[in-house]
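Below is model12.tsv, which holds TSV, C-alpha atoms and all ligand atoms.
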chain	number	residue	atom	x	y	z
V	619	MET	CA	-53.73	98.49	138.52
V	620	LYS	CA	-52.22	95.03	138.67
V	621	VAL	CA	-54.68	92.12	138.67
V	622	ILE	CA	-53.54	88.81	140.14
V	623	LEU	CA	-55.72	85.75	139.64
V	624	VAL	CA	-55.31	83.55	142.72
V	625	MET	CA	-56.90	80.13	142.54
V	626	ALA	CA	-56.64	76.64	143.95
V	627	MET	CA	-57.08	73.84	141.48
V	628	THR	CA	-56.83	70.10	141.18
V	629	VAL	CA	-54.23	68.29	139.10
V	630	ASP	CA	-56.84	68.13	136.31
V	631	GLY	CA	-57.44	71.88	136.40
V	632	MET	CA	-60.75	71.95	138.31
V	633	ILE	CA	-61.58	74.72	140.79
V	634	ALA	CA	-64.76	73.07	142.13
V	635	LYS	CA	-66.98	70.06	141.56
V	636	SER	CA	-70.03	72.30	141.11
V	637	GLY	CA	-71.15	75.91	141.51
V	638	ASP	CA	-72.05	75.46	145.18
V	639	HIS	CA	-69.02	73.38	146.16
V	640	PHE	CA	-67.58	74.76	149.41
V	641	PRO	CA	-63.79	75.16	148.98
V	642	ASP	CA	-62.76	73.02	151.99
V	643	TRP	CA	-60.40	70.86	149.91
V	644	THR	CA	-57.73	73.40	148.99
V	645	GLY	CA	-55.45	72.90	152.01
V	646	LYS	CA	-53.98	75.07	154.76
V	647	GLY	CA	-51.01	76.16	152.63
V	648	ASP	CA	-53.36	77.55	149.98
V	649	LYS	CA	-55.52	79.39	152.51
V	650	ARG	CA	-52.44	80.94	154.13
V	651	LEU	CA	-51.07	82.02	150.74
V	652	PHE	CA	-54.44	83.49	149.68
V	653	MET	CA	-54.67	85.43	152.93
V	654	GLU	CA	-51.13	86.78	152.54
V	655	ILE	CA	-51.49	87.85	148.89
V	656	SER	CA	-54.99	89.26	149.25
V	657	LYS	CA	-54.21	91.22	152.44
V	658	LYS	CA	-51.23	92.79	150.68
V	659	ALA	CA	-53.47	93.88	147.78
V	660	GLY	CA	-56.35	94.95	150.03
V	661	ALA	CA	-59.04	94.39	147.38
V	662	VAL	CA	-60.57	91.09	146.27
V	663	ILE	CA	-62.92	90.68	143.30
V	664	MET	CA	-65.19	87.66	142.93
V	665	GLY	CA	-68.38	86.51	141.24
V	666	SER	CA	-71.66	86.27	143.10
V	667	LYS	CA	-71.65	82.47	143.01
V	668	THR	CA	-68.23	82.32	144.63
V	669	TYR	CA	-69.32	84.84	147.26
V	670	ASP	CA	-72.37	82.72	148.00
V	671	THR	CA	-70.16	79.68	148.75
V	672	LEU	CA	-68.27	81.59	151.46
V	673	LYS	CA	-69.58	81.22	154.97
V	674	LYS	CA	-68.50	84.74	155.98
V	675	PRO	CA	-66.88	87.80	154.35
V	676	LEU	CA	-63.10	87.97	154.19
V	677	PRO	CA	-61.76	90.00	157.11
V	678	ASP	CA	-59.52	93.07	156.62
V	679	ARG	CA	-60.04	93.30	152.84
V	680	LYS	CA	-62.45	95.06	150.56
V	681	THR	CA	-64.48	92.45	148.68
V	682	VAL	CA	-66.18	93.44	145.43
V	683	VAL	CA	-68.83	90.94	144.37
V	684	LEU	CA	-69.75	91.15	140.69
V	685	THR	CA	-73.45	90.67	140.10
V	686	ARG	CA	-76.00	91.82	137.56
V	687	ASN	CA	-78.63	91.71	140.28
V	688	ARG	CA	-79.10	95.32	141.40
V	689	GLN	CA	-81.29	94.18	144.31
V	690	ARG	CA	-78.26	92.81	146.14
V	691	ILE	CA	-77.11	95.22	148.81
V	692	SER	CA	-74.49	94.49	151.43
V	693	SER	CA	-74.99	95.11	155.12
V	694	ASP	CA	-71.25	94.62	155.66
V	695	PRO	CA	-69.15	97.73	154.93
V	696	ARG	CA	-66.28	95.54	153.67
V	697	VAL	CA	-68.45	93.95	150.96
V	698	VAL	CA	-69.69	95.81	147.87
V	699	PHE	CA	-71.98	94.35	145.20
V	700	SER	CA	-71.10	95.81	141.81
V	701	PRO	CA	-72.63	95.67	138.32
V	702	LEU	CA	-69.52	97.28	136.73
V	703	CYS	CA	-67.60	95.68	133.87
V	704	PRO	CA	-64.02	94.64	134.74
V	705	ALA	CA	-62.35	97.73	133.19
V	706	ASN	CA	-64.62	100.22	134.98
V	707	LEU	CA	-64.37	98.34	138.25
V	708	LEU	CA	-60.56	98.51	138.11
V	709	LYS	CA	-60.75	102.25	137.39
V	710	GLU	CA	-62.93	102.70	140.49
V	711	LEU	CA	-60.53	100.69	142.65
V	712	ALA	CA	-57.58	102.71	141.31
V	713	LYS	CA	-59.42	105.94	142.22
V	714	GLU	CA	-59.84	104.56	145.74
V	715	GLY	CA	-56.05	104.13	145.90
V	716	TYR	CA	-55.66	100.39	145.34
V	717	LYS	CA	-52.59	99.39	143.32
V	718	GLU	CA	-53.35	95.66	143.15
V	719	ALA	CA	-56.54	93.62	143.08
V	720	ILE	CA	-56.94	89.91	143.59
V	721	LEU	CA	-59.23	88.11	141.19
V	722	ALA	CA	-60.67	85.25	143.22
V	723	GLY	CA	-62.97	83.42	140.80
V	724	GLY	CA	-64.99	81.69	139.88
V	725	ALA	CA	-64.61	80.55	136.32
V	726	THR	CA	-67.23	82.96	134.92
V	727	VAL	CA	-65.66	86.07	136.39
V	728	ASN	CA	-62.13	84.85	135.61
V	729	THR	CA	-63.21	84.58	131.98
V	730	LEU	CA	-64.66	88.13	131.94
V	731	PHE	CA	-61.28	89.50	133.03
V	732	ALA	CA	-59.29	87.22	130.69
V	733	ALA	CA	-61.46	88.17	127.71
V	734	ALA	CA	-60.84	91.85	128.49
V	735	GLY	CA	-57.07	91.22	128.72
V	736	LEU	CA	-57.01	92.43	132.32
V	737	ILE	CA	-55.11	89.67	134.13
V	738	ASP	CA	-51.42	90.39	134.79
V	739	GLU	CA	-50.44	87.39	136.90
V	740	MET	CA	-51.81	84.02	137.97
V	741	VAL	CA	-50.95	82.31	141.25
V	742	LEU	CA	-52.22	78.75	141.07
V	743	THR	CA	-52.06	76.26	143.92
V	744	VAL	CA	-52.30	72.71	142.64
V	745	SER	CA	-53.81	70.28	145.16
V	746	PRO	CA	-52.95	66.58	144.91
V	747	LEU	CA	-56.54	65.76	143.90
V	748	VAL	CA	-58.37	64.81	140.72
V	749	PHE	CA	-62.10	65.61	140.29
V	750	GLY	CA	-62.50	64.30	136.74
V	751	THR	CA	-65.41	66.65	136.22
V	752	GLY	CA	-66.46	70.06	137.49
V	753	ILE	CA	-65.67	73.74	136.93
V	754	SER	CA	-62.32	74.61	135.40
V	755	LEU	CA	-60.24	77.77	135.80
V	756	PHE	CA	-62.06	79.50	132.94
V	757	ALA	CA	-65.57	79.02	131.62
V	758	GLY	CA	-65.11	79.92	127.97
V	759	GLU	CA	-62.54	80.31	125.25
V	760	VAL	CA	-59.39	82.05	126.45
V	761	ASP	CA	-56.14	82.44	124.54
V	762	MET	CA	-53.29	83.49	126.80
V	763	SER	CA	-49.56	82.83	126.71
V	764	VAL	CA	-47.96	82.70	130.14
V	765	GLU	CA	-44.48	82.49	131.59
V	766	LEU	CA	-43.68	80.53	134.74
V	767	VAL	CA	-41.85	82.91	137.08
V	768	GLU	CA	-41.87	80.96	140.35
V	769	HIS	CA	-42.70	77.53	141.72
V	770	GLN	CA	-42.80	76.44	145.32
V	771	ARG	CA	-43.81	73.34	147.28
V	772	LEU	CA	-46.27	74.12	150.06
V	773	GLU	CA	-47.30	71.96	153.01
V	774	GLY	CA	-49.73	69.14	152.32
V	775	GLY	CA	-48.28	68.22	148.93
V	776	LEU	CA	-49.42	71.47	147.30
V	777	LEU	CA	-47.53	73.06	144.43
V	778	CYS	CA	-47.74	76.83	143.97
V	779	LEU	CA	-47.13	78.12	140.45
V	780	ARG	CA	-46.80	81.82	139.68
V	781	TYR	CA	-47.24	82.87	136.06
V	782	ARG	CA	-46.85	86.20	134.32
V	783	ILE	CA	-49.27	86.77	131.47
V	784	LEU	CA	-47.35	87.47	128.28
V	785	SER	CA	-50.27	88.11	125.95
V	786	PRO	CA	-53.20	89.45	127.94
V	787	ASP	CA	-55.36	89.84	124.84
V	788	ALA	CA	-57.48	86.75	125.06
V	789	ALA	CA	-59.84	85.49	122.39
V	790	ALA	CA	-63.27	87.00	122.92
V	801	LIG	N1	-60.69	76.72	143.82
V	801	LIG	C1	-60.73	78.01	143.97
V	801	LIG	O1	-59.71	78.66	144.26
V	801	LIG	C2	-62.02	78.73	143.73
V	801	LIG	C3	-62.03	80.12	143.80
V	801	LIG	C4	-63.22	80.78	143.54
V	801	LIG	C5	-64.37	80.07	143.24
V	801	LIG	N2	-64.32	78.72	143.20
V	801	LIG	C6	-65.53	77.95	142.89
V	801	LIG	O2	-66.07	78.39	141.66
V	801	LIG	C7	-67.48	78.12	141.68
V	801	LIG	C8	-68.23	79.33	141.16
V	801	LIG	O3	-67.77	79.64	139.86
V	801	LIG	P1	-68.80	80.14	138.74
V	801	LIG	O4	-68.05	80.31	137.49
V	801	LIG	O5	-69.96	79.21	138.74
V	801	LIG	O6	-69.35	81.51	139.32
V	801	LIG	P2	-68.68	82.95	139.66
V	801	LIG	O7	-67.73	83.35	138.59
V	801	LIG	O8	-68.23	82.95	141.07
V	801	LIG	O9	-69.98	83.89	139.60
V	801	LIG	C9	-70.74	83.92	138.43
V	801	LIG	C10	-71.85	84.93	138.61
V	801	LIG	O10	-71.33	86.25	138.48
V	801	LIG	C11	-72.41	87.12	138.13
V	801	LIG	N3	-71.98	88.03	137.06
V	801	LIG	C12	-71.64	89.34	137.25
V	801	LIG	N4	-71.33	89.92	136.11
V	801	LIG	C13	-71.47	88.99	135.15
V	801	LIG	C14	-71.31	89.02	133.74
V	801	LIG	N5	-70.94	90.14	133.08
V	801	LIG	N6	-71.51	87.88	133.06
V	801	LIG	C15	-71.85	86.75	133.71
V	801	LIG	N7	-72.06	86.67	135.04
V	801	LIG	C16	-71.86	87.79	135.76
V	801	LIG	C17	-73.57	86.21	137.70
V	801	LIG	O11	-74.49	86.15	138.78
V	801	LIG	P3	-75.67	87.22	139.04
V	801	LIG	O12	-76.91	86.47	138.79
V	801	LIG	O13	-75.47	87.60	140.48
V	801	LIG	O14	-75.48	88.36	138.10
V	801	LIG	C18	-72.93	84.85	137.53
V	801	LIG	O15	-73.81	83.79	137.79
V	801	LIG	C19	-67.83	77.79	143.14
V	801	LIG	O16	-67.99	76.40	143.29
V	801	LIG	C20	-66.62	78.22	143.92
V	801	LIG	O17	-66.39	77.47	145.09
V	801	LIG	C21	-63.17	78.04	143.45
Please go through the file and, once you have read it, give me the structure as structure tokens.
Ligand SMILES: NC(=O)c1ccc[n+]([C@@H]2O[C@H](COP(=O)([O-])OP(=O)(O)OC[C@H]3O[C@@H](n4cnc5c(N)ncnc54)[C@H](OP(=O)(O)O)[C@@H]3O)[C@@H](O)[C@H]2O)c1
Amino acid sequence: MKVILVMAMTVDGMIAKSGDHFPDWTGKGDKRLFMEISKKAGAVIMGSKTYDTLKKPLPDRKTVVLTRNRQRISSDPRVVFSPLCPANLLKELAKEGYKEAILAGGATVNTLFAAAGLIDEMVLTVSPLVFGTGISLFAGEVDMSVELVEHQRLEGGLLCLRYRILSPDAAA
């Protein structure tokens, strides 16, 4: 199972100003790219805080929302709330036939996967913005070496960077 972290960030590496910041600043090019990559994979994994910032579930994709709250139950068949750890979740998705999963944030859940050495690629869209403060890509200590494999200018002054993770074993 290949895991691709797909995130929009500012020039100073922020993914949001706060935990409830609606992602309306990331630009059309980023939204189009996210839709394309995530539809190809078919499965999207995100933390409960990220899910709660979305106004509606993502169409045409399975969305797995990581939460420790076992009371959360989805009324939408495309959305599953899961208490599983990253490794077990990926095993379940593989059993269901998925070959790729998109890791869609936020920082807390990104860090769980990085700490478990389970991120294979990162696709980062850099917006021409600076927040100065906020939530960064990861929420704890991570130690990864990466290799830039592709870079592309997108509409609206966005820069898309695709990295391969060379050493997935991050510091715990
Ligand atoms: N720029 C972008 O591309 C982008 C993408 C995604 C998100 N974001 C932003 O990121 C922000 C949210 O990031 P975040 O880091 O605060 O939250 P998050 O990673 O989305 O979700 C964190 C939540 O996941 C749940 N969780 C499940 N398993 C856990 C575990 N083992 N350990 C810890 N928590 C676990 C916890 O909530 P429970 O109480 O439910 O267990 C925790 O509060 C939002 O502002 C969102 O807009 C930006």
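With distances taken over all atoms listed in the file, V:Ser745 is the one residue among V:Thr729, V:Gln689, V:Ser700, V:Ser745 lying closest to Arg771 of chain V.
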Once you add 4 Å to each side, what are the centre and edge lengths of the axis-aligned box holding all listed atoms of ligand LIG 801 (chain V)? One decimal in Å, as JSON, if you can.
{"center_x": -68.3, "center_y": 83.3, "center_z": 139.1, "size_x": 25.2, "size_y": 21.7, "size_z": 20.0}
| Can you tell me which residues sit at most 7 Å away from ligand LIG 801 (chain V), counting only C-alpha atoms and all ligand atoms, written as a count of residues only? | 37
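Closest approach to Glu739 of chain V among V:Thr628, V:Thr751, V:Gln770, V:Ser763: V:Ser763, based on all atoms listed in the file.
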| field | Between atom CA of Asp630 of chain V and atom CA of Gly750 of chain V - distance in Å to one decimal | value | 6.8 Å
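We find atom CA of Ile783 of chain V and atom CA of Ala712 of chain V to be spaced 20.5 Å apart.
Closest approach to Pro675 of chain V among V:Ala732, V:Val697, V:Ala659, V:Ile720: V:Val697, based on only C-alpha atoms.
Here the question is which of V:Ala733, V:Leu676, V:Val744, V:Gly775 gets nearest to Gly758 of chain V using all atoms listed in the file, and that residue is V:Ala733.
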| said: Please return as a VMD selection string every residue within 9 Å of (-63.8, 100.6, 151.4), taking into account only C-alpha atoms and the file's own coordinates. | reply: chain V and resid 661 679 to 681 695 to 698 714
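The coordinates place atom CA of Lys646 of chain V at 20.6 Å from atom CA of Gly660 of chain V.
Taking all atoms listed in the file into account, Val682 of chain V lies nearest to V:Glu710 out of the set V:Glu710, V:Asp648, V:Glu768, V:Glu773.
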| request: Identify the residues within 9 Å of coordinate (-51.8, 81.8, 129.5) (same frame as the file), considering only C-alpha atoms, and give the answer as number ranges by chain. | output: V: 740, 760-765, 781-786, 788
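Closest approach to Glu718 of chain V among V:Gly631, V:Lys674, V:Gly752, V:Lys657 is made by V:Lys657 (distances from all atoms listed in the file).
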